[in-house]
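**Student:** See protein-v1.txt below, with compact mmCIF, C-alpha atoms.
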```
# COMPACT_ATOMS: atom_id res chain seq x y z
CA MET A 1 -31.47 31.54 -24.82
CA LYS A 2 -27.88 32.29 -23.81
CA ASN A 3 -29.10 35.11 -21.57
CA LEU A 4 -31.52 32.74 -19.87
CA GLY A 5 -28.69 30.38 -19.03
CA ILE A 6 -26.58 33.19 -17.55
CA LEU A 7 -29.59 34.40 -15.56
CA LEU A 8 -30.23 30.91 -14.24
CA ILE A 9 -26.62 30.49 -13.09
CA THR A 10 -26.64 33.97 -11.48
CA VAL A 11 -29.86 33.22 -9.58
CA THR A 12 -28.47 29.87 -8.42
CA VAL A 13 -25.20 31.43 -7.25
CA LEU A 14 -27.10 34.14 -5.38
CA ALA A 15 -29.46 31.61 -3.85
CA CYS A 16 -26.57 29.49 -2.68
CA GLY A 17 -24.81 32.54 -1.31
CA CYS A 18 -27.88 33.50 0.73
CA SER A 19 -27.94 30.23 2.65
CA LYS A 20 -27.16 30.60 6.36
CA THR A 21 -23.84 29.36 7.64
CA GLN A 22 -24.50 26.34 9.81
CA ASP A 23 -22.64 24.87 12.76
CA SER A 24 -19.28 23.71 11.41
CA ARG A 25 -19.47 20.61 13.63
CA ILE A 26 -22.39 19.28 11.60
CA HIS A 27 -21.85 18.08 8.05
CA MET A 28 -24.91 18.04 5.81
CA ARG A 29 -24.27 15.88 2.79
CA GLU A 30 -25.53 16.43 -0.73
CA GLY A 31 -29.28 15.93 -0.92
CA VAL A 32 -29.74 16.48 2.82
CA GLY A 33 -28.91 20.14 3.39
CA SER A 34 -29.63 23.15 1.18
CA ASP A 35 -27.82 23.37 -2.13
CA THR A 36 -24.35 24.85 -2.26
CA LEU A 37 -22.27 25.76 -5.27
CA GLY A 38 -20.76 22.31 -5.09
CA SER A 39 -24.05 20.44 -4.79
CA ASN A 40 -26.34 22.45 -7.04
CA ILE A 41 -27.31 20.62 -10.19
CA VAL A 42 -26.32 23.57 -12.42
CA THR A 43 -23.03 24.62 -10.84
CA ARG A 44 -21.90 21.20 -9.60
CA PRO A 45 -20.12 20.05 -12.80
CA VAL A 46 -18.05 23.24 -12.92
CA THR A 47 -17.10 23.28 -9.22
CA HIS A 48 -16.31 19.57 -9.15
CA ALA A 49 -14.23 19.84 -12.32
CA PHE A 50 -12.37 22.84 -10.93
CA SER A 51 -11.73 21.05 -7.64
CA ALA A 52 -10.33 18.03 -9.48
CA LEU A 53 -8.30 20.31 -11.77
CA ILE A 54 -6.50 22.03 -8.92
CA GLY A 55 -6.09 18.66 -7.19
CA GLU A 56 -7.87 19.31 -3.92
CA GLY A 57 -7.35 16.60 -1.34
CA LEU A 58 -6.93 16.02 2.36
CA GLU A 59 -5.46 18.53 4.73
CA VAL A 60 -4.38 17.67 8.27
CA THR A 61 -5.36 20.61 10.45
CA GLU A 62 -4.19 19.34 13.81
CA ALA A 63 -2.15 16.52 15.34
CA VAL A 64 -2.36 16.50 19.12
CA THR A 65 -0.61 14.09 21.49
CA ARG A 66 -1.32 13.39 25.13
CA LYS A 67 -0.47 10.74 27.71
CA ASN A 68 -3.49 8.70 28.82
CA ASP A 69 -4.14 7.44 32.36
CA ALA A 70 -2.15 4.28 31.65
CA GLY A 71 0.87 6.38 30.61
CA MET A 72 0.53 5.59 26.89
CA LEU A 73 0.92 8.30 24.27
CA GLU A 74 -2.23 9.00 22.27
CA LEU A 75 -2.28 10.79 18.93
CA TYR A 76 -5.40 12.58 17.71
CA VAL A 77 -5.33 13.60 14.06
CA THR A 78 -8.00 15.90 12.66
CA GLY A 79 -8.28 17.19 9.15
CA PHE A 80 -10.52 18.23 6.31
CA ASN A 81 -11.22 16.70 2.94
CA LYS A 82 -11.19 19.69 0.57
CA SER A 83 -12.17 17.54 -2.39
CA TYR A 84 -15.78 16.78 -3.36
CA ASP A 85 -15.01 13.06 -3.57
CA THR A 86 -14.63 10.58 -0.75
CA LYS A 87 -10.92 10.05 -0.20
CA ARG A 88 -9.77 6.65 0.97
CA PHE A 89 -6.26 6.40 2.32
CA ARG A 90 -3.97 4.40 4.54
CA TYR A 91 -1.83 5.71 7.34
CA LYS A 92 0.99 4.28 9.41
CA VAL A 93 2.22 5.72 12.68
CA GLU A 94 5.71 5.02 13.97
CA TRP A 95 6.44 5.82 17.58
CA LEU A 96 9.70 7.39 18.69
CA ASP A 97 11.36 7.19 22.09
CA ALA A 98 13.12 10.00 23.99
CA ASP A 99 16.25 9.51 21.85
CA GLY A 100 14.22 9.85 18.66
CA LEU A 101 14.66 6.18 17.87
CA PRO A 102 11.72 4.11 16.56
CA VAL A 103 9.85 1.95 19.06
CA GLU A 104 9.31 -1.52 17.58
CA THR A 105 5.64 -2.45 17.77
CA LYS A 106 3.19 -4.67 15.91
CA THR A 107 0.70 -1.81 15.80
CA SER A 108 2.85 0.17 13.35
CA THR A 109 1.12 -1.12 10.27
CA TRP A 110 -0.89 0.42 7.42
CA LEU A 111 -4.43 1.16 8.63
CA GLN A 112 -7.38 2.23 6.52
CA MET A 113 -9.26 5.51 6.77
CA SER A 114 -11.93 7.19 4.71
CA ALA A 115 -12.98 10.85 4.57
CA THR A 116 -16.14 12.02 2.81
CA GLY A 117 -15.99 15.00 0.47
CA LYS A 118 -15.94 18.52 1.93
CA ALA A 119 -16.08 17.15 5.47
CA ALA A 120 -13.89 16.92 8.52
CA PHE A 121 -12.29 13.62 9.55
CA SER A 122 -10.46 12.48 12.64
CA PHE A 123 -8.83 9.37 14.02
CA LYS A 124 -6.95 8.29 17.11
CA VAL A 125 -3.86 6.13 17.43
CA VAL A 126 -2.46 4.77 20.70
CA ALA A 127 1.16 3.83 21.36
CA PRO A 128 1.30 0.45 23.10
CA ARG A 129 4.51 1.32 25.02
CA THR A 130 5.14 3.88 27.71
CA ASN A 131 8.52 4.88 26.25
CA ALA A 132 6.92 6.46 23.15
CA VAL A 133 7.18 10.24 23.39
CA ASP A 134 6.82 11.35 19.79
CA PHE A 135 5.55 10.05 16.48
CA ARG A 136 6.03 10.05 12.74
CA MET A 137 3.10 9.41 10.39
CA ASP A 138 3.05 8.37 6.75
CA THR A 139 0.11 8.16 4.34
CA ARG A 140 -0.58 6.49 1.04
CA LYS A 141 -3.49 5.90 -1.32
CA TRP A 142 -5.87 3.07 -0.54
CA GLU A 143 -5.65 0.96 -3.71
CA MET B 1 12.25 -35.40 -38.39
CA LYS B 2 13.22 -36.43 -34.88
CA ALA B 3 15.40 -33.32 -34.47
CA LYS B 4 12.51 -31.14 -35.55
CA ILE B 5 10.16 -32.67 -32.94
CA VAL B 6 12.78 -32.21 -30.21
CA THR B 7 13.25 -28.56 -31.23
CA ILE B 8 9.48 -27.94 -31.20
CA ILE B 9 9.13 -29.54 -27.76
CA MET B 10 12.02 -27.46 -26.44
CA LEU B 11 10.58 -24.23 -27.86
CA ALA B 12 7.13 -25.03 -26.48
CA GLY B 13 8.69 -25.77 -23.08
CA LEU B 14 10.55 -22.44 -23.12
CA ALA B 15 7.39 -20.58 -24.15
CA VAL B 16 5.36 -22.14 -21.33
CA ALA B 17 8.12 -21.43 -18.79
CA GLY B 18 8.27 -17.83 -20.01
CA CYS B 19 4.53 -17.39 -19.40
CA ALA B 20 4.63 -18.57 -15.78
CA PRO B 21 4.39 -15.67 -13.33
CA GLU B 22 7.66 -14.84 -11.67
CA THR B 23 7.95 -15.63 -7.96
CA THR B 24 8.68 -12.57 -5.89
CA ASN B 25 9.00 -11.83 -2.20
CA ILE B 26 6.23 -9.69 -0.73
CA ASP B 27 7.25 -6.27 0.52
CA ILE B 28 5.42 -6.65 3.82
CA MET B 29 6.34 -3.12 4.89
CA ASN B 30 4.61 -1.49 1.90
CA ASP B 31 2.58 -4.20 0.22
CA GLU B 32 0.66 -2.72 -2.69
CA GLY B 33 -0.78 -6.06 -3.77
CA LYS B 34 -4.47 -6.40 -4.52
CA ALA B 35 -6.92 -7.38 -1.81
CA VAL B 36 -8.06 -11.00 -1.69
CA MET B 37 -11.43 -12.38 -0.57
CA ALA B 38 -9.90 -14.65 2.05
CA LEU B 39 -8.10 -13.33 5.12
CA ASP B 40 -4.47 -12.52 4.46
CA TYR B 41 -1.66 -11.25 6.70
CA ARG B 42 -2.65 -7.61 6.12
CA ASP B 43 -6.09 -8.26 7.59
CA PHE B 44 -4.57 -9.88 10.66
CA ASP B 45 -2.07 -7.03 11.06
CA GLN B 46 -4.85 -4.47 10.83
CA ALA B 47 -7.21 -6.29 13.21
CA ALA B 48 -4.45 -6.93 15.74
CA SER B 49 -3.27 -3.31 15.61
CA LYS B 50 -6.76 -1.94 16.23
CA LEU B 51 -7.54 -4.42 19.02
CA ILE B 52 -4.22 -3.80 20.79
CA GLN B 53 -4.66 -0.04 20.60
CA SER B 54 -8.19 -0.32 21.94
CA MET B 55 -7.14 -2.55 24.85
CA VAL B 56 -4.06 -0.56 25.83
CA GLY B 57 -5.86 2.76 25.37
CA SER B 58 -8.79 1.66 27.56
CA GLY B 59 -6.59 1.43 30.65
CA ALA B 60 -7.94 -2.08 31.40
CA LEU B 61 -4.39 -3.38 31.85
CA LYS B 62 -3.42 -0.72 34.35
CA LYS B 63 -3.22 -2.49 37.71
CA GLU B 64 -4.24 -0.57 40.77
CA GLY B 65 -1.24 -0.09 43.02
CA GLY B 66 1.15 -0.83 40.16
CA GLY B 67 2.66 -4.12 39.01
CA ARG B 68 1.73 -6.38 36.14
CA TYR B 69 -1.32 -8.55 35.60
CA VAL B 70 -0.83 -12.26 34.98
CA VAL B 71 -2.88 -13.09 31.89
CA ALA B 72 -3.87 -16.49 30.50
CA THR B 73 -4.97 -16.93 26.91
CA GLY B 74 -8.27 -18.73 26.66
CA ARG B 75 -10.01 -20.19 23.65
CA ILE B 76 -9.98 -18.23 20.40
CA VAL B 77 -12.72 -19.77 18.29
CA ASN B 78 -12.25 -19.92 14.54
CA ASP B 79 -15.80 -19.80 13.18
CA THR B 80 -14.78 -18.94 9.62
CA MET B 81 -14.81 -21.19 6.59
CA GLN B 82 -11.04 -20.94 6.46
CA ARG B 83 -8.42 -23.01 8.19
CA ILE B 84 -6.92 -20.35 10.40
CA ASP B 85 -4.30 -20.69 13.07
CA THR B 86 -5.65 -18.17 15.58
CA ASP B 87 -2.09 -17.59 16.78
CA GLN B 88 -1.76 -15.39 13.71
CA LEU B 89 -3.83 -12.89 15.67
CA MET B 90 -2.98 -13.81 19.25
CA VAL B 91 0.80 -13.82 19.00
CA LYS B 92 0.67 -10.15 17.99
CA VAL B 93 -1.77 -9.30 20.79
CA GLU B 94 0.18 -11.25 23.42
CA THR B 95 3.50 -9.75 22.30
CA GLU B 96 2.17 -6.23 22.65
CA MET B 97 0.56 -7.01 26.02
CA LEU B 98 3.93 -8.27 27.26
CA ASN B 99 5.85 -5.34 25.81
CA SER B 100 3.40 -2.82 27.24
CA GLY B 101 4.92 -3.51 30.65
CA GLN B 102 1.45 -3.91 32.13
CA ALA B 103 0.89 -7.62 31.73
CA VAL B 104 2.76 -10.90 31.78
CA MET B 105 1.39 -13.95 29.98
CA THR B 106 1.28 -17.38 31.61
CA SER B 107 2.32 -20.57 29.83
CA ALA B 108 1.03 -22.71 32.71
CA ILE B 109 -2.58 -22.96 31.54
CA GLY B 110 -4.85 -21.93 28.70
CA SER B 111 -4.48 -22.26 24.97
CA GLY B 112 -0.94 -20.93 25.17
CA ALA B 113 0.08 -23.58 27.69
CA ASP B 114 3.48 -25.19 27.45
CA GLU B 115 3.21 -28.95 28.13
CA LEU B 116 6.82 -29.09 29.26
CA LEU B 117 5.95 -27.03 32.34
CA HIS B 118 3.92 -29.96 33.61
CA GLU B 119 6.17 -32.67 32.24
CA THR B 120 9.20 -31.23 34.00
CA ARG B 121 7.27 -31.34 37.28
CA GLU B 122 6.87 -35.09 36.91
CA LEU B 123 10.64 -35.37 37.25
CA ARG B 124 10.26 -34.94 41.00
CA ASP B 125 9.71 -38.69 41.34
CA SER B 126 12.46 -39.70 38.96
CA ASP B 127 15.69 -41.17 40.30
CA GLU B 128 17.41 -40.14 37.09
CA PHE B 129 17.31 -36.45 37.95
CA ASN B 130 19.08 -34.52 40.65
CA GLN B 131 16.10 -33.61 42.85
CA GLU B 132 17.69 -30.31 43.83
CA THR B 133 17.37 -29.17 40.21
CA THR B 134 13.68 -30.07 39.87
CA THR B 135 10.96 -27.48 40.38
CA GLN B 136 9.38 -27.32 43.80
CA LYS B 137 5.65 -27.50 44.36
CA LYS B 138 3.48 -24.36 44.58
CA THR B 139 5.69 -22.25 42.34
CA LEU B 140 3.26 -21.59 39.48
CA ILE B 141 1.43 -18.26 39.51
CA ALA B 142 -2.31 -18.32 38.84
CA PRO B 143 -3.71 -15.92 36.24
CA GLU B 144 -5.61 -12.81 37.26
CA LEU B 145 -7.03 -12.05 33.81
CA THR B 146 -8.03 -14.16 30.85
CA ILE B 147 -8.23 -13.15 27.21
CA SER B 148 -10.45 -15.06 24.82
CA GLY B 149 -12.26 -14.37 21.59
CA LYS B 150 -13.69 -15.38 18.29
CA ILE B 151 -13.18 -14.85 14.57
CA PHE B 152 -16.28 -15.43 12.48
CA GLN B 153 -17.37 -14.95 8.92
CA ARG B 154 -20.60 -13.99 7.17
CA ASN B 155 -21.10 -14.47 3.44
CA ILE B 156 -23.76 -12.33 1.80
CA ARG B 157 -24.85 -12.24 -1.81
CA TYR B 158 -24.35 -8.59 -2.85
CA ASP B 159 -25.77 -8.74 -6.36
CA ARG B 160 -25.86 -11.14 -9.30
CA ASN B 161 -22.11 -11.38 -9.72
CA ARG B 162 -20.71 -10.20 -6.45
CA GLN B 163 -20.56 -11.43 -2.88
CA GLN B 164 -19.82 -9.63 0.36
CA VAL B 165 -17.73 -11.33 2.99
CA GLU B 166 -17.59 -9.92 6.50
CA TYR B 167 -14.96 -11.08 8.97
CA TYR B 168 -15.43 -10.19 12.63
CA PHE B 169 -12.51 -10.27 15.08
CA GLN B 170 -13.70 -10.20 18.69
CA LEU B 171 -11.64 -10.22 21.88
CA LYS B 172 -12.60 -9.91 25.55
CA LEU B 173 -10.55 -9.51 28.71
CA SER B 174 -12.06 -10.84 31.96
CA ASP B 175 -11.06 -10.73 35.60
CA VAL B 176 -10.67 -14.27 37.01
CA LYS B 177 -11.58 -13.41 40.60
CA SER B 178 -14.76 -11.43 39.98
CA GLY B 179 -15.69 -12.76 36.57
CA LEU B 180 -16.16 -9.20 35.42
CA ARG B 181 -15.27 -8.20 31.89
CA PHE B 182 -12.71 -5.38 31.90
CA TRP B 183 -12.54 -4.82 28.17
CA GLN B 184 -13.90 -6.07 24.87
CA ASP B 185 -13.87 -4.92 21.27
CA GLU B 186 -14.63 -5.98 17.73
CA VAL B 187 -12.91 -5.22 14.43
CA LEU B 188 -14.71 -5.76 11.16
CA VAL B 189 -12.88 -6.49 7.92
CA GLY B 190 -15.27 -6.38 4.98
CA LYS B 191 -14.62 -7.49 1.42
CA ARG B 192 -16.73 -7.30 -1.72
CA GLY B 193 -15.76 -9.18 -4.84
CA SER B 194 -16.56 -11.71 -7.49
CA ASP B 195 -18.94 -14.53 -6.70
CA LYS B 196 -16.39 -16.83 -8.25
CA SER B 197 -13.74 -15.92 -5.69
CA VAL B 198 -13.62 -18.46 -2.91
CA ALA B 199 -13.53 -17.08 0.61
CA TRP B 200 -12.41 -20.32 2.28
```
I need this file expressed as structure tokens, please.
**Tutor:**
Amino acid sequence: MKNLGILLITVTVLACGCSKTQDSRIHMREGVGSDTLGSNIVTRPVTHAFSALIGEGLEVTEAVTRKNDAGMLELYVTGFNKSYDTKRFRYKVEWLDADGLPVETKTSTWLQMSATGKAAFSFKVVAPRTNAVDFRMDTRKWE
Amino acid sequence: MKAKIVTIIMLAGLAVAGCAPETTNIDIMNDEGKAVMALDYRDFDQAASKLIQSMVGSGALKKEGGGRYVVATGRIVNDTMQRIDTDQLMVKVETEMLNSGQAVMTSAIGSGADELLHETRELRDSDEFNQETTTQKKTLIAPELTISGKIFQRNIRYDRNRQQVEYYFQLKLSDVKSGLRFWQDEVLVGKRGSDKSVAW
């Protein structure tokens, strides 16, 4: 009986490993795409528990700024949710002028964002003043 | 006997006072308070921030050949079940439009009109005022753009015990001369909670 269980897990792992790598721009959620180690009914409890144990969360992979046609600084943040759970969070962007001093604006407030598990996320923030040249961003949990 | 009653009343009074929640100031920079079913200042901050970013980022306020647009605030309809002063949204939007360096708001007409602008012009006929200090005719600048919008609410029964309340914040920016709409956007703030909570 024990051997059967081990065999089943091995077959599942192999089957998951055989699946073709798909275009990274497309995210197939659980129940839509083929099973992975994280979505398979047998291995899912272990992988999810392990992910939670090591505290996987969000990772910001890139923060790019550019001036738009109107001369306003735009910030594009892209990242990846390494956890299996949807992560809800808040972010606040403060804009800085050429002297590194904060630019007072009503748009610097806590905004909500949500990233689904094992998927990429991105958002854009625009500075409402032309004197903003840099930024500082803070995050916190969405209660 | 009388002393005993007074003591009991005093103790009961102290106990009741001790149970009353303490009044505290809200940390508006990092408010970790629970969400409420009605619209609170955090919802207005969030909606205003998103709408301002959308408008400024769209380039609709960038005037060809440079300079600043003269903008009049039109009607902002409150179609919610709450008594809302729409200035809670518009003051933030107008402030950022002004500070963007791309627009200047007019107080001559619209919902943001200042009555004194017109009253002071009536002083032209008054003998009580030095006529050299009164405002001459044809000095007001007409608006080139108008901004107007709407806030409305939808209440939906989610399940037996819960309701879903959706608040929509909509703004649009139109060119006075051509009537064309340069920009518009909508921000949705959704809440789900107890049926017993009142969203008005």
**Student:** Using only C-alpha atoms, find the residues of chain A whose closest atom to chain B is at most 8 Å away, then write them as JSON, numbers by chain.
**Tutor:** {"A": [68, 69, 70, 72, 74, 105, 106, 107, 108, 109, 110, 111, 125, 126, 127, 128, 129, 130, 143]}
**Student:** Between atom CA of B:Gln88 and atom CA of B:Val187, what is the distance, to one decimal in Å?
**Tutor:** 15.1 Å
**Student:** Let me make sure I understand: among A:Thr139, A:Ser24, A:Ser83, A:Ser122, which one has the smallest atom-to-atom distance to A:Leu58 if we use all atoms listed in the file?
**Tutor:**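 When distances to A:Leu58 are compared using all atoms listed in the file, the smallest one comes from A:Ser83.
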**Student:** Quick one: everything within 8 Å of A:Lys118, counting only C-alpha atoms, minus sequence neighbours fewer than 5 positions away in the same chain. Send it as an MDAnalysis selection string.
**Tutor:** chainID A and resid 80:85
**Student:** Report as a list in words all protein, DNA and RNA residues lying within 8 Å of B:Phe182, evaluated on all atoms listed in the file, omitting residues in the same chain fewer than 3 positions from it.
**Tutor:**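 Listing them by chain and then by number gives Ala60, Lys172, Leu173, Ser174 and Asp175 of chain B.
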**Student:** In Å to one decimal, how far is atom CA of A:Val64 from atom CA of A:Asp97?
**Tutor:**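 According to the coordinates, atom CA of A:Asp97 and atom CA of A:Val64 are separated by 16.8 Å.
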**Student:** In Å, how far is it from atom CA of A:Lys92 to atom CA of B:Gln170?
**Tutor:**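 Those two atoms sit 22.6 Å apart.
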**Student:** What's the 6 Å shell around stretch 134-143 of chain B, counting all atoms listed in the file, without same-chain residues fewer than 5 positions away, as a list in words?
**Tutor:**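 Near stretch 134-143 of chain B, the qualifying residues are Val70, Val71 and Ala72 of chain B.
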**Student:** Given the point (7.2, 9.3, 11.7) in the file's coordinates, find the residues that have an atom at most 10 Å from it, counting all atoms listed in the file, and give them as a PyMOL selection string.
**Tutor:** chain A and resi 92-96+100+102+134-138
**Student:** Taking (2.7, -21.1, 29.5) in the file's coordinates, which residues come within 12 Å, counting only C-alpha atoms, written as a PyMOL selection string?
**Tutor:** chain B and resi 70-74+94+104-118+140-143
**Student:** So, with all atoms listed in the file as the atoms that count, which of A:Val103, A:Lys87, A:Arg140, A:Val77 lies closest to A:Phe123?
**Tutor:** A:Val77
**Student:** Got a sec: who's within 8 Å of A:Glu62, counting only C-alpha atoms, leaving out chain neighbours fewer than 5 positions off, as number ranges by chain?
**Tutor:** A: 76-79
